[in-house]
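As structure tokens, the structure follows; a few thoughts come after it.
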Amino acid sequence: MNTKTLTLIVIAAIILLLGGCGCNKYNGLVQGEQAVKQSWSNVETNYQRRTDLYNSVIKTIEGSANFEKSTLKEVIDARSKATSVNVDINDPQSLQKFQEAQGQLQGAFSRLMAVAEAYPNLKTTQAFQDFQAQIEGTENRINVARRDYNAAVNAYNLKVRTFPNNIFAGIFHFVEKPYYQADPGTEKAPDIQFNIK
């Protein structure tokens with residue numbers, strides 16, 4: 001068999017591979033990547049909903065006379081940081097920065113809500129009551145969106161890593177996506193103490 005014949009056989013095999021199952025493998029990787037992007041968009045949408053709720057209650061609290069300004073400033077600073085983080089779903093570090101910023105915002109807001117308990121006039125405003133009614137549902141939506149994102153990442157990563165998809169993934173530069181991780185420290189049981197006398 002001469003070189004010309006061997007070259008034609010190799011070219012024909014590549015065309016058959018890419019023309020048949022190769023296109024399906026490539027298209028499956030594209031579809032998986034798009035599912036990850038869509039799922040991440042849903043995560044961001046739910047975090048935006050939470051930020052919008054936080055903004056509305058912050059405006060209510062700002063209007064309250066003599067409210068503890070340092071706690072409010074901490075929330076406003078954390079909100080600014082959380083909304084300034086840009087996420088690249090191919091970069092685990094940017095996803096981690098986003099998670100950390102969201103965790104800091106939620107922590108600062110929890111402290112703000114604890115301080116708000118000492119202001120009965122604030123707690124009776126309609127905006128504050130509306131916020132309390134909506135925030136629990138929003139947090140549930142965030143958890144569902146993060147779970148759906150991780151499911152999409154898992155399905156995609158399996159396609160990228162299994163044979164023969166891994167060959168096409170390497171050729172066309174499809175890489176594994178990072179999972180949304182639990183916030184640091186959440187693996188520890190909370191220290192809850194009841195003062196029963």
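A note on labels: chains of the structure tokens are A, B, ... as shown, every chain counts residues from 1, and ligands are counted from 1 in their shown order.
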Write out as JSON lines a residue-level contact list of stretch 92-120 of chain A versus stretch 55-77 of chain A with cut-off 12 Å: for each qualifying residue the closest pair of atoms and the distance in Å to one decimal, counting only C-alpha atoms, rows sorted by chain and residue number upward.
```
{"residue": "A:Ala101", "atom": "CA", "partner": "A:Asp77", "partner_atom": "CA", "distance": 10.5}
{"residue": "A:Gln102", "atom": "CA", "partner": "A:Val75", "partner_atom": "CA", "distance": 11.2}
{"residue": "A:Gly103", "atom": "CA", "partner": "A:Val75", "partner_atom": "CA", "distance": 11.5}
{"residue": "A:Gln104", "atom": "CA", "partner": "A:Val75", "partner_atom": "CA", "distance": 8.7}
{"residue": "A:Leu105", "atom": "CA", "partner": "A:Val75", "partner_atom": "CA", "distance": 6.4}
{"residue": "A:Gln106", "atom": "CA", "partner": "A:Val75", "partner_atom": "CA", "distance": 8.5}
{"residue": "A:Gly107", "atom": "CA", "partner": "A:Val75", "partner_atom": "CA", "distance": 8.6}
{"residue": "A:Ala108", "atom": "CA", "partner": "A:Val75", "partner_atom": "CA", "distance": 5.2}
{"residue": "A:Phe109", "atom": "CA", "partner": "A:Val75", "partner_atom": "CA", "distance": 5.7}
{"residue": "A:Ser110", "atom": "CA", "partner": "A:Val75", "partner_atom": "CA", "distance": 9.2}
{"residue": "A:Arg111", "atom": "CA", "partner": "A:Thr71", "partner_atom": "CA", "distance": 7.2}
{"residue": "A:Leu112", "atom": "CA", "partner": "A:Thr71", "partner_atom": "CA", "distance": 5.8}
{"residue": "A:Met113", "atom": "CA", "partner": "A:Thr71", "partner_atom": "CA", "distance": 9.5}
{"residue": "A:Ala114", "atom": "CA", "partner": "A:Thr71", "partner_atom": "CA", "distance": 10.0}
{"residue": "A:Val115", "atom": "CA", "partner": "A:Glu68", "partner_atom": "CA", "distance": 7.6}
{"residue": "A:Ala116", "atom": "CA", "partner": "A:Ile61", "partner_atom": "CA", "distance": 8.1}
{"residue": "A:Glu117", "atom": "CA", "partner": "A:Phe67", "partner_atom": "CA", "distance": 11.1}
{"residue": "A:Ala118", "atom": "CA", "partner": "A:Phe67", "partner_atom": "CA", "distance": 9.5}
{"residue": "A:Tyr119", "atom": "CA", "partner": "A:Phe67", "partner_atom": "CA", "distance": 8.0}
{"residue": "A:Pro120", "atom": "CA", "partner": "A:Ser64", "partner_atom": "CA", "distance": 10.7}
```
Who sits within 10 Å of A:Val144, only C-alpha atoms, same chain under 4 positions skipped, as a count of residues only: 9
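Residues with any atom within 10 Å of A:Gln134, counting only C-alpha atoms and excluding same-chain neighbours fewer than 5 positions away, are A:Arg49, A:Arg50, A:Leu53, A:Gln129, A:Glu139.
Closest to A:Lys177 among A:Asn121, A:Asn24, A:Asn157, A:Thr51 is A:Asn157, based on only C-alpha atoms.
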Residues of chain A classed as helix (DSSP H, G or I) by DSSP on the backbone are to be reported as an MDAnalysis selection string. chainID A and resid 3:62 69:84 92:116 120:123 126:161 165:171
Sorted per-residue table, stretch 44-96 of chain A near stretch 162-175 of chain A, closest atoms and distance, 12 Å, only C-alpha atoms, as CSV:
```
residue,atom,partner,partner_atom,distance
A:Ile89,CA,A:Val175,CA,10.7
A:Asn90,CA,A:Val175,CA,7.6
A:Asp91,CA,A:Val175,CA,10.3
A:Pro92,CA,A:Val175,CA,11.9
```
Separation of atom CA of A:Glu176 from atom CA of A:Tyr156 in Å: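 Computing it gives 7.5 Å between the two atoms.
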